[in-house]
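Asker: The structure is given below, and queries will be raised subsequently.
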Amino acid sequence: MTQPVSSHTTSTDLLVLHTLRCIGFSGLSGVARASGLPESDVESELIDLAVAGLVTHAAGDFGGWGLTEEGRAADAEQIADELEEAGARARLTAAFDRFLVLNPELLDLCTAWQTRTVDGSMTMNDHSDPSYDARVLDRFTEFHQRAEPLCAELSAALLRFQRYPVRLADALARARAGALEYVTDSTSSYHTVWFQLHEDLLATLGIPRH
């Protein structure tokens with residue numbers, strides 16, 4: 001039976017604020033990628049949020065945007081209100097339980113990608129063995145297929161979760177096309193996007209990270 005899809009759309013300013021909460025200190029392009037919004041829209045919202053005292057900006061080559069304590073509190077309050085208005089708490093809580101079942105497996109896959117056993121000893125994977133990498137990528141693909149129903153559940157509960165399956169699929173496709181950094185080493189890697197999804201679920205449900 002197909003689940004009803006949420007019609008609740010997160011406002012652009014809240015989406016930008018919440019994205020920054022989930023990804024941490026970041027440059028403009030990073031916030032845009034993670035939010036799924038054009039850079040011009042994100043920049044405009046960040047400037048308004050800075051004027052309101054909810055975010056700060058650091059200039060320079062390693063500069064970027066970050067939340068203030070006021071911004072973190074504002075996001076927590078608005079996200080909680082959104083969750084109640086959308087009536088999505090029960091659905092997201094159930095989906096989060098399923099996420100927690102998959103999460104250790106994803107972490108194990110990342111470990112298998114970054115390290116391997118050679119002559120009985122654990123060593124870093126230097127990616128010099130294409131057959132080994134191909135086997136691990138096949139496992140990532142199988143994992144992704146099983147994660148897709150979960151992503152669909154989340155997207156049906158709140159529309160803003162729709163950007164995660166798009167980003168995960170893109171990272172996997174890039175990795176399988178030869179851009180191996182998209183498994184664990186890029187700011188848009190499969191592991192990074194999955195971690196941000198985890199942060200989003202914790203923040204949305206008001207669960208502290210232990």
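Residues are referred to by chain and number: the chain letter is A, B, ... according to the order shown in the structure tokens, the number counts from 1 in that chain, and ligands are numbered separately from 1 in the order shown.
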Per residue of range 84-120 of chain A within 10 Å of range 151-166 of chain A, record the nearest atom pair and its distance in Å to one decimal, counting only C-alpha atoms, with rows in chain order and ascending residue number, as JSON lines.
Answerer:
{"residue": "A:Ala86", "atom": "CA", "partner": "A:Leu158", "partner_atom": "CA", "distance": 7.5}
{"residue": "A:Gly87", "atom": "CA", "partner": "A:Ala157", "partner_atom": "CA", "distance": 8.4}
{"residue": "A:Ala88", "atom": "CA", "partner": "A:Ala157", "partner_atom": "CA", "distance": 5.5}
{"residue": "A:Arg89", "atom": "CA", "partner": "A:Ala157", "partner_atom": "CA", "distance": 8.3}
{"residue": "A:Ala90", "atom": "CA", "partner": "A:Ala157", "partner_atom": "CA", "distance": 9.2}
{"residue": "A:Arg91", "atom": "CA", "partner": "A:Ala157", "partner_atom": "CA", "distance": 6.3}
{"residue": "A:Leu92", "atom": "CA", "partner": "A:Leu154", "partner_atom": "CA", "distance": 6.3}
{"residue": "A:Thr93", "atom": "CA", "partner": "A:Leu154", "partner_atom": "CA", "distance": 9.7}
{"residue": "A:Ala94", "atom": "CA", "partner": "A:Glu153", "partner_atom": "CA", "distance": 9.3}
{"residue": "A:Ala95", "atom": "CA", "partner": "A:Leu154", "partner_atom": "CA", "distance": 6.6}
{"residue": "A:Phe96", "atom": "CA", "partner": "A:Leu154", "partner_atom": "CA", "distance": 8.6}
{"residue": "A:Phe99", "atom": "CA", "partner": "A:Cys151", "partner_atom": "CA", "distance": 9.2}
Asker: Given the selection you just returned, output its residues as a file containing all heavy atoms, formatted as a compact mmCIF listing (two decimals), in the first residue's frame.
Answerer:
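Okay, selection32.txt is ready:
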# COMPACT_ATOMS: atom_id res chain seq x y z
N ALA A 86 3.17 19.20 10.74
CA ALA A 86 3.06 18.21 9.67
C ALA A 86 2.48 16.89 10.16
O ALA A 86 2.12 16.02 9.36
CB ALA A 86 4.43 17.97 9.05
N GLY A 87 2.40 16.72 11.49
CA GLY A 87 1.91 15.46 12.05
C GLY A 87 2.78 14.28 11.67
O GLY A 87 2.28 13.18 11.43
N ALA A 88 4.10 14.53 11.62
CA ALA A 88 5.01 13.52 11.06
C ALA A 88 5.87 12.82 12.11
O ALA A 88 6.70 11.99 11.75
CB ALA A 88 5.92 14.18 10.02
N ARG A 89 5.68 13.12 13.38
CA ARG A 89 6.58 12.56 14.39
C ARG A 89 6.56 11.03 14.40
O ARG A 89 7.60 10.39 14.44
CB ARG A 89 6.25 13.11 15.78
CG ARG A 89 7.14 12.52 16.88
CD ARG A 89 6.93 13.20 18.22
NE ARG A 89 7.40 14.57 18.21
CZ ARG A 89 8.68 14.92 18.37
NH1 ARG A 89 9.60 13.97 18.56
NH2 ARG A 89 9.03 16.18 18.37
N ALA A 90 5.36 10.45 14.39
CA ALA A 90 5.27 8.98 14.47
C ALA A 90 5.95 8.33 13.28
O ALA A 90 6.67 7.33 13.42
CB ALA A 90 3.81 8.55 14.58
N ARG A 91 5.72 8.86 12.09
CA ARG A 91 6.31 8.27 10.88
C ARG A 91 7.83 8.41 10.88
O ARG A 91 8.55 7.47 10.51
CB ARG A 91 5.72 8.94 9.63
CG ARG A 91 4.25 8.67 9.47
CD ARG A 91 3.65 9.48 8.33
NE ARG A 91 4.02 8.94 7.03
CZ ARG A 91 3.65 9.49 5.88
NH1 ARG A 91 2.93 10.60 5.87
NH2 ARG A 91 4.01 8.94 4.73
N LEU A 92 8.31 9.59 11.30
CA LEU A 92 9.76 9.79 11.32
C LEU A 92 10.43 8.94 12.40
O LEU A 92 11.53 8.43 12.21
CB LEU A 92 10.10 11.27 11.55
CG LEU A 92 10.06 12.18 10.33
CD1 LEU A 92 10.51 13.58 10.71
CD2 LEU A 92 10.96 11.64 9.21
N THR A 93 9.76 8.79 13.53
CA THR A 93 10.31 7.96 14.61
C THR A 93 10.44 6.51 14.16
O THR A 93 11.47 5.86 14.40
CB THR A 93 9.43 8.05 15.86
OG1 THR A 93 9.38 9.42 16.32
CG2 THR A 93 9.99 7.18 16.98
N ALA A 94 9.42 6.00 13.48
CA ALA A 94 9.48 4.63 12.98
C ALA A 94 10.57 4.48 11.92
O ALA A 94 11.30 3.48 11.90
CB ALA A 94 8.12 4.24 12.39
N ALA A 95 10.69 5.49 11.05
CA ALA A 95 11.73 5.44 10.02
C ALA A 95 13.12 5.52 10.65
O ALA A 95 14.06 4.87 10.19
CB ALA A 95 11.53 6.57 9.02
N PHE A 96 13.25 6.31 11.70
CA PHE A 96 14.55 6.44 12.37
C PHE A 96 14.97 5.11 12.98
O PHE A 96 16.15 4.75 12.96
CB PHE A 96 14.48 7.52 13.44
CG PHE A 96 15.80 7.75 14.15
CD1 PHE A 96 16.94 8.06 13.45
CD2 PHE A 96 15.88 7.67 15.53
CE1 PHE A 96 18.16 8.29 14.10
CE2 PHE A 96 17.07 7.90 16.18
CZ PHE A 96 18.21 8.20 15.47
N PHE A 99 16.44 3.29 10.27
CA PHE A 99 17.75 3.88 9.95
C PHE A 99 18.82 3.31 10.88
O PHE A 99 19.93 2.98 10.45
CB PHE A 99 17.69 5.41 10.10
CG PHE A 99 19.01 6.09 9.90
CD1 PHE A 99 19.39 6.57 8.65
CD2 PHE A 99 19.89 6.27 10.97
CE1 PHE A 99 20.61 7.19 8.46
CE2 PHE A 99 21.12 6.90 10.79
CZ PHE A 99 21.48 7.35 9.52
Asker: Skipping near chain neighbours, those fewer than 4 positions away, what residues fall within 9 Å of His127 in chain A using only C-alpha atoms, listed as a PyMOL selection string?
Answerer: chain A and resi 113-114+132-133+180
Asker: Between CA of Gly27 in chain A and CA of Cys110 in chain A, what distance in Å does the model show, to one decimal?
Answerer: 25.2 Å
Asker: Would you kindly return, as a ChimeraX atom specification, each protein, DNA or RNA residue with an atom no farther than 9 Å from any atom of Gly71 in chain A, considering only C-alpha atoms and excluding same-chain residues fewer than 4 positions away?
Answerer: /A:17,21,49,52-55,67,75-76
Asker: Run DSSP on the backbone and grab whatever in range 70-176 of chain A lands in strand (DSSP E); send it over as number ranges by chain.
Answerer: A: 115-118, 121-124
Asker: Let me see the file: selected residues, all heavy atoms, as a JSON list (two decimals), in the first residue's frame.
Answerer:
[["chain", "number", "residue", "atom", "x", "y", "z"],
["A", 115, "THR", "N", 39.96, 0.29, 4.54],
["A", 115, "THR", "CA", 40.99, -0.65, 5.00],
["A", 115, "THR", "C", 40.73, -2.01, 4.39],
["A", 115, "THR", "O", 39.63, -2.30, 3.91],
["A", 115, "THR", "CB", 40.98, -0.78, 6.53],
["A", 115, "THR", "OG1", 39.72, -1.31, 6.95],
["A", 115, "THR", "CG2", 41.20, 0.57, 7.21],
["A", 116, "ARG", "N", 41.74, -2.86, 4.43],
["A", 116, "ARG", "CA", 41.57, -4.24, 3.96],
["A", 116, "ARG", "C", 42.61, -5.13, 4.64],
["A", 116, "ARG", "O", 43.60, -4.63, 5.19],
["A", 116, "ARG", "CB", 41.71, -4.33, 2.45],
["A", 116, "ARG", "CG", 43.01, -3.79, 1.89],
["A", 116, "ARG", "CD", 43.06, -3.94, 0.39],
["A", 116, "ARG", "NE", 42.88, -5.33, -0.01],
["A", 116, "ARG", "CZ", 43.05, -5.78, -1.25],
["A", 116, "ARG", "NH1", 43.42, -4.94, -2.21],
["A", 116, "ARG", "NH2", 42.88, -7.04, -1.54],
["A", 117, "THR", "N", 42.37, -6.41, 4.63],
["A", 117, "THR", "CA", 43.29, -7.36, 5.25],
["A", 117, "THR", "C", 44.20, -7.95, 4.18],
["A", 117, "THR", "O", 43.73, -8.50, 3.18],
["A", 117, "THR", "CB", 42.52, -8.47, 5.96],
["A", 117, "THR", "OG1", 41.67, -7.91, 6.96],
["A", 117, "THR", "CG2", 43.48, -9.45, 6.62],
["A", 118, "VAL", "N", 45.51, -7.81, 4.40],
["A", 118, "VAL", "CA", 46.51, -8.35, 3.49],
["A", 118, "VAL", "C", 47.47, -9.22, 4.29],
["A", 118, "VAL", "O", 48.07, -8.74, 5.26],
["A", 118, "VAL", "CB", 47.28, -7.23, 2.76],
["A", 118, "VAL", "CG1", 48.35, -7.82, 1.85],
["A", 118, "VAL", "CG2", 46.32, -6.35, 1.97],
["A", 121, "SER", "N", 47.04, -9.12, 8.01],
["A", 121, "SER", "CA", 47.19, -7.85, 8.73],
["A", 121, "SER", "C", 46.28, -6.79, 8.12],
["A", 121, "SER", "O", 46.11, -6.72, 6.89],
["A", 121, "SER", "CB", 48.64, -7.36, 8.66],
["A", 121, "SER", "OG", 49.51, -8.29, 9.27],
["A", 122, "MET", "N", 45.70, -5.94, 8.99],
["A", 122, "MET", "CA", 44.86, -4.86, 8.52],
["A", 122, "MET", "C", 45.73, -3.72, 8.01],
["A", 122, "MET", "O", 46.69, -3.31, 8.67],
["A", 122, "MET", "CB", 43.97, -4.36, 9.67],
["A", 122, "MET", "CG", 42.95, -3.32, 9.25],
["A", 122, "MET", "SD", 41.64, -4.01, 8.22],
["A", 122, "MET", "CE", 40.69, -4.91, 9.46],
["A", 123, "THR", "N", 45.41, -3.21, 6.84],
["A", 123, "THR", "CA", 46.19, -2.11, 6.25],
["A", 123, "THR", "C", 45.25, -1.16, 5.54],
["A", 123, "THR", "O", 44.09, -1.48, 5.27],
["A", 123, "THR", "CB", 47.23, -2.67, 5.25],
["A", 123, "THR", "OG1", 48.03, -1.59, 4.77],
["A", 123, "THR", "CG2", 46.54, -3.33, 4.06],
["A", 124, "MET", "N", 45.74, 0.05, 5.27],
["A", 124, "MET", "CA", 44.92, 1.01, 4.55],
["A", 124, "MET", "C", 44.70, 0.53, 3.11],
["A", 124, "MET", "O", 45.61, -0.05, 2.50],
["A", 124, "MET", "CB", 45.60, 2.38, 4.53],
["A", 124, "MET", "CG", 45.77, 3.02, 5.91],
["A", 124, "MET", "SD", 44.19, 3.27, 6.75],
["A", 124, "MET", "CE", 43.42, 4.48, 5.68]]
Asker: Counting only C-alpha atoms, what is within 12 Å of Ser189 in chain A, bar same-chain residues fewer than 6 positions away, as a list in words?
Answerer: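 These residues fall inside the cut-off: Arg33, Ala34, Cys110, Tyr164, Arg167, Leu168, Ala169, Asp170, Ala171, Leu172, Ala173, Arg174, Ala175, Ala179, Leu180, Glu181, Tyr182, Val183, Phe195 and Gln196 of chain A.
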Asker: Which of these residues is nearest to Glu43 in chain A, using only C-alpha atoms: A:Asp108, A:Asp126, A:Asp200, A:Asp13?
Answerer: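 For Glu43 in chain A, the nearest of the given residues is A:Asp13.
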Asker: Looking at only C-alpha atoms, which of A:Asp97, A:Glu84, A:Glu45, A:Asp119 is the one that sits closest to His198 in chain A?
Answerer: A:Asp97
Asker: Just checking: using only C-alpha atoms, which residue out of A:Gly24, A:Ser44, A:Trp194, A:Ser128 ends up closest to Leu102 in chain A?
Answerer: A:Trp194
Asker: Which residue out of A:His191, A:Gly60, A:Ala50, A:Arg176 has the minimum interatomic distance to Thr111 in chain A when only C-alpha atoms are used?
Answerer: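 Counting only C-alpha atoms, the residue closest to Thr111 in chain A is A:His191.
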Asker: Which distance in Å separates CA of Gly64 in chain A and CA of Glu39 in chain A, to one decimal?
Answerer: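 CA of Glu39 in chain A lies 13.4 Å from CA of Gly64 in chain A.
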